[in-house]
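Let me begin by presenting the structure, written as structure tokens, before commenting on it.
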Amino acid sequence: MLVEPIESEAARAVVRGRARPAPSTTRPVAVDETPIEDEVRAELARAVGPTRVARYESRLADAGRAFRAERFQDAARILKKLAEDAPGAASVRELYGVTLYRQEKWRAAAKELEAFHLLTGSTEQHPVLADCHRALRHWDRVDELWAELREASPSAELVTEGRIVQAGSLADRGDVVAAVALLEEGWRFPKRPREHHLRRAYALADAYERAGDVLRARELFDRIHALEPDFADVARRVRALR
């Protein structure tokens with residue numbers, strides 16, 4: 001599926017906006033020839049007509065390859081024209097929104113991802129959309145998106161990303177206690193943690209440190225480091241708290 005890697009962009013929302021580097025947890029994506037799915041092809045045909053669909057399909061595939069290669073300026077240039085010509089194509093609006101997010105163009109990214117949500121009803125990009133609104137300090141919208149995501153519960157991974165963004169926004173507002181409480185809610189360190197568990201643990205350790213609870217921050221960073229020494233900048237965080 002052309003837009004499958006976009007879902008992992010939620011991972012880039014982890015503790016964004018902190019002075020310290022955020023964990024780079026996006027899963028690597030190979031730059032390859034990814035076929036356009038029938039669903040996306042049909043969507044484009046409805047948006048631009050059957051006589052033009054082949055050309056637009058080719059351009060969308062070009063944009064996907066540029067995105068995968070992290071050539072975001074090239075991808076955005078292609079997608080801007082596609083979005084103008086086919087505003088009802090959800091896959092175009094989604095990929096354009098995430099591309100703009102990667103360029104830190106928060107307002108423009110939010111516009112495209114809000115359109116994607118309206119077209120599909122999907123919450124798959126809610127963590128990324130919430131992070132855009134977090135950057136814009138639109139606190140009410142961040143809260144709304146978290147409530148919608150939590151109710152929909154699309155997957156443990158996406159709900160975790162949304163929780164991390166919401167907690168970050170609470171800390172941005174000066175309520176670190178609430179941020180810690182949200183990250184602690186129902187939390188226990190799994191015996192076999194997956195990537196989203198480590199991201200949540202990292203965010204919680206960071207929140208502990210921000211709240212002045214250095215002991216618990218150090219313990220949690222140590223545990224992450226023991227499992228995944230190269231996870232984000234956890235080695236530096238461990239050294240800093242010695």
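Residues in the structure tokens are named by chain (A, B, ... in the order shown) and by number from 1 within that chain; ligands are numbered from 1 in the order shown.
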If we count only C-alpha atoms, what is near A:Gly88 at a cut-off of 12 Å, once residues fewer than 5 positions away on the same chain are taken out, given as a PDB file with N, CA and C atoms, in the first residue's frame?
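Final output, saved to part09.pdb:
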```
ATOM      1  N   VAL A  40      -6.934   2.899  -3.657  1.00  0.00           N
ATOM      2  CA  VAL A  40      -6.391   4.229  -3.932  1.00  0.00           C
ATOM      3  C   VAL A  40      -6.624   4.599  -5.393  1.00  0.00           C
ATOM      4  N   ALA A  42      -9.069   3.614  -7.310  1.00  0.00           N
ATOM      5  CA  ALA A  42     -10.490   3.943  -7.465  1.00  0.00           C
ATOM      6  C   ALA A  42     -10.796   5.327  -6.902  1.00  0.00           C
ATOM      7  N   GLU A  43     -10.148   5.648  -5.797  1.00  0.00           N
ATOM      8  CA  GLU A  43     -10.325   6.965  -5.182  1.00  0.00           C
ATOM      9  C   GLU A  43      -9.858   8.069  -6.117  1.00  0.00           C
ATOM     10  N   LEU A  44      -8.707   7.862  -6.746  1.00  0.00           N
ATOM     11  CA  LEU A  44      -8.194   8.843  -7.703  1.00  0.00           C
ATOM     12  C   LEU A  44      -9.106   8.963  -8.917  1.00  0.00           C
ATOM     13  N   ALA A  45      -9.620   7.843  -9.379  1.00  0.00           N
ATOM     14  CA  ALA A  45     -10.521   7.865 -10.546  1.00  0.00           C
ATOM     15  C   ALA A  45     -11.766   8.680 -10.245  1.00  0.00           C
ATOM     16  N   ARG A  46     -12.296   8.529  -9.031  1.00  0.00           N
ATOM     17  CA  ARG A  46     -13.473   9.320  -8.657  1.00  0.00           C
ATOM     18  C   ARG A  46     -13.141  10.795  -8.576  1.00  0.00           C
ATOM     19  N   ALA A  47     -11.915  11.116  -8.149  1.00  0.00           N
ATOM     20  CA  ALA A  47     -11.535  12.513  -7.935  1.00  0.00           C
ATOM     21  C   ALA A  47     -11.177  13.234  -9.228  1.00  0.00           C
ATOM     22  N   VAL A  48     -10.517  12.549 -10.171  1.00  0.00           N
ATOM     23  CA  VAL A  48     -10.024  13.236 -11.370  1.00  0.00           C
ATOM     24  C   VAL A  48     -10.613  12.686 -12.660  1.00  0.00           C
ATOM     25  N   GLY A  49     -11.361  11.599 -12.569  1.00  0.00           N
ATOM     26  CA  GLY A  49     -11.944  11.009 -13.769  1.00  0.00           C
ATOM     27  C   GLY A  49     -11.088   9.890 -14.321  1.00  0.00           C
ATOM     28  N   LEU A  82      -1.380  17.772  -6.705  1.00  0.00           N
ATOM     29  CA  LEU A  82      -2.365  16.697  -6.657  1.00  0.00           C
ATOM     30  C   LEU A  82      -3.522  17.044  -5.723  1.00  0.00           C
ATOM     31  N   ALA A  83      -3.211  17.633  -4.573  1.00  0.00           N
ATOM     32  CA  ALA A  83      -4.256  17.991  -3.611  1.00  0.00           C
ATOM     33  C   ALA A  83      -5.163  19.085  -4.166  1.00  0.00           C
ATOM     34  N   ARG A  93      -4.345  13.658   0.432  1.00  0.00           N
ATOM     35  CA  ARG A  93      -4.360  14.615   1.542  1.00  0.00           C
ATOM     36  C   ARG A  93      -3.570  14.067   2.734  1.00  0.00           C
ATOM     37  N   GLU A  94      -3.657  12.749   2.954  1.00  0.00           N
ATOM     38  CA  GLU A  94      -2.913  12.130   4.055  1.00  0.00           C
ATOM     39  C   GLU A  94      -1.411  12.233   3.833  1.00  0.00           C
ATOM     40  N   GLU A 112      -4.283  19.651   6.043  1.00  0.00           N
ATOM     41  CA  GLU A 112      -4.398  18.450   5.206  1.00  0.00           C
ATOM     42  C   GLU A 112      -4.863  17.242   6.014  1.00  0.00           C
ATOM     43  N   ALA A 115      -8.454  17.416   6.780  1.00  0.00           N
ATOM     44  CA  ALA A 115      -9.211  17.028   5.587  1.00  0.00           C
ATOM     45  C   ALA A 115      -9.252  15.506   5.454  1.00  0.00           C
ATOM     46  N   PHE A 116      -8.122  14.857   5.685  1.00  0.00           N
ATOM     47  CA  PHE A 116      -8.065  13.389   5.639  1.00  0.00           C
ATOM     48  C   PHE A 116      -9.066  12.781   6.622  1.00  0.00           C
ATOM     49  N   HIS A 117      -9.123  13.329   7.818  1.00  0.00           N
ATOM     50  CA  HIS A 117     -10.047  12.816   8.833  1.00  0.00           C
ATOM     51  C   HIS A 117     -11.499  13.017   8.405  1.00  0.00           C
ATOM     52  N   LEU A 118     -11.801  14.186   7.867  1.00  0.00           N
ATOM     53  CA  LEU A 118     -13.173  14.461   7.422  1.00  0.00           C
ATOM     54  C   LEU A 118     -13.585  13.550   6.273  1.00  0.00           C
ATOM     55  N   LEU A 119     -12.650  13.259   5.370  1.00  0.00           N
ATOM     56  CA  LEU A 119     -12.948  12.416   4.212  1.00  0.00           C
ATOM     57  C   LEU A 119     -13.139  10.948   4.578  1.00  0.00           C
ATOM     58  N   THR A 120     -12.434  10.500   5.601  1.00  0.00           N
ATOM     59  CA  THR A 120     -12.409   9.067   5.906  1.00  0.00           C
ATOM     60  C   THR A 120     -13.028   8.692   7.251  1.00  0.00           C
TER      61      THR A 120
END
```
Pick out the residues sitting within 10 Å of A:Leu198, and hand them over as number ranges by chain; count only C-alpha atoms, and ignore anything fewer than 6 positions along from it in its own chain. A: 25, 189-190, 204, 220-221, 223-225, 227-228, 231
Dump of C-alpha atoms for the selected residues, as a compact mmCIF listing (two decimals), in the first residue's frame:
```
# COMPACT_ATOMS: atom_id res chain seq x y z
CA THR A 25 11.55 5.79 16.50
CA PHE A 189 6.72 -2.56 32.00
CA PRO A 190 6.03 -5.69 29.89
CA LEU A 204 7.36 8.65 31.26
CA LEU A 220 13.26 3.82 33.99
CA PHE A 221 15.97 5.15 31.68
CA ARG A 223 15.71 -0.24 32.23
CA ILE A 224 15.23 1.01 28.67
CA HIS A 225 18.98 1.20 28.19
CA LEU A 227 16.96 -3.61 26.82
CA GLU A 228 17.84 -1.31 23.91
CA PHE A 231 17.16 3.52 21.68
```
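The nearest approach to A:Ile164 among the residues A:Ala207, A:Leu60, A:Cys132, A:Ala108, with only C-alpha atoms taken into account, belongs to A:Ala207.
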Figure out the distance between atom CA of A:Pro127 and atom CA of A:Gly162, please, to one decimal in Å. 4.6 Å
Residues near A:Arg150, cut-off 10 Å, only C-alpha atoms, skip fewer than 3 positions along chain, as a VMD selection string: chain A and resid 123 144 to 147 153 to 156 158 to 160 162 to 163
Atoms kept (N, CA and C atoms) for selection, written as a short mmCIF file (atom, residue, chain, number, x, y, z; two decimals), in the first residue's frame:
```cif
data_model
loop_
_atom_site.label_atom_id
_atom_site.label_comp_id
_atom_site.auth_asym_id
_atom_site.auth_seq_id
_atom_site.Cartn_x
_atom_site.Cartn_y
_atom_site.Cartn_z
N THR A 123 -9.03 7.69 12.45
CA THR A 123 -8.22 8.31 13.50
C THR A 123 -6.75 7.93 13.39
N GLU A 144 -9.40 17.30 22.20
CA GLU A 144 -10.47 16.66 21.43
C GLU A 144 -9.95 15.45 20.66
N LEU A 145 -8.81 15.61 20.03
CA LEU A 145 -8.24 14.52 19.24
C LEU A 145 -7.85 13.34 20.12
N TRP A 146 -7.31 13.62 21.29
CA TRP A 146 -6.97 12.54 22.22
C TRP A 146 -8.23 11.79 22.66
N ALA A 147 -9.30 12.53 22.96
CA ALA A 147 -10.55 11.90 23.37
C ALA A 147 -11.10 11.02 22.25
N SER A 153 -9.85 3.69 19.86
CA SER A 153 -8.86 2.63 20.17
C SER A 153 -8.47 1.83 18.93
N PRO A 154 -7.90 2.48 17.91
CA PRO A 154 -7.58 1.77 16.67
C PRO A 154 -6.51 0.70 16.82
N SER A 155 -5.53 0.93 17.67
CA SER A 155 -4.48 -0.04 17.95
C SER A 155 -3.72 0.44 19.18
N ALA A 156 -3.06 -0.50 19.83
CA ALA A 156 -2.28 -0.13 21.02
C ALA A 156 -1.18 0.86 20.67
N LEU A 158 -1.08 3.14 18.16
CA LEU A 158 -1.57 4.49 17.90
C LEU A 158 -2.08 5.16 19.16
N VAL A 159 -2.76 4.41 20.00
CA VAL A 159 -3.24 5.01 21.25
C VAL A 159 -2.05 5.44 22.12
N THR A 160 -0.99 4.65 22.10
CA THR A 160 0.21 5.04 22.84
C THR A 160 0.79 6.34 22.31
N GLY A 162 -0.80 8.69 20.74
CA GLY A 162 -1.70 9.77 21.14
C GLY A 162 -1.54 10.15 22.60
N ARG A 163 -1.37 9.14 23.44
CA ARG A 163 -1.17 9.40 24.87
C ARG A 163 0.10 10.21 25.10
#
```
I need the residues of stretch 3-242 of chain A that end up classed as helix (DSSP H, G or I) by DSSP on the backbone, written out as an MDAnalysis selection string. chainID A and resid 4:13 38:48 53:68 72:85 90:102 106:120 126:135 139:152 156:172 176:184 195:210 214:227 234:240
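Atom pair atom CA of A:Glu219 / atom CA of A:Gln166 has a distance of 23.3 Å (rounded to one decimal).
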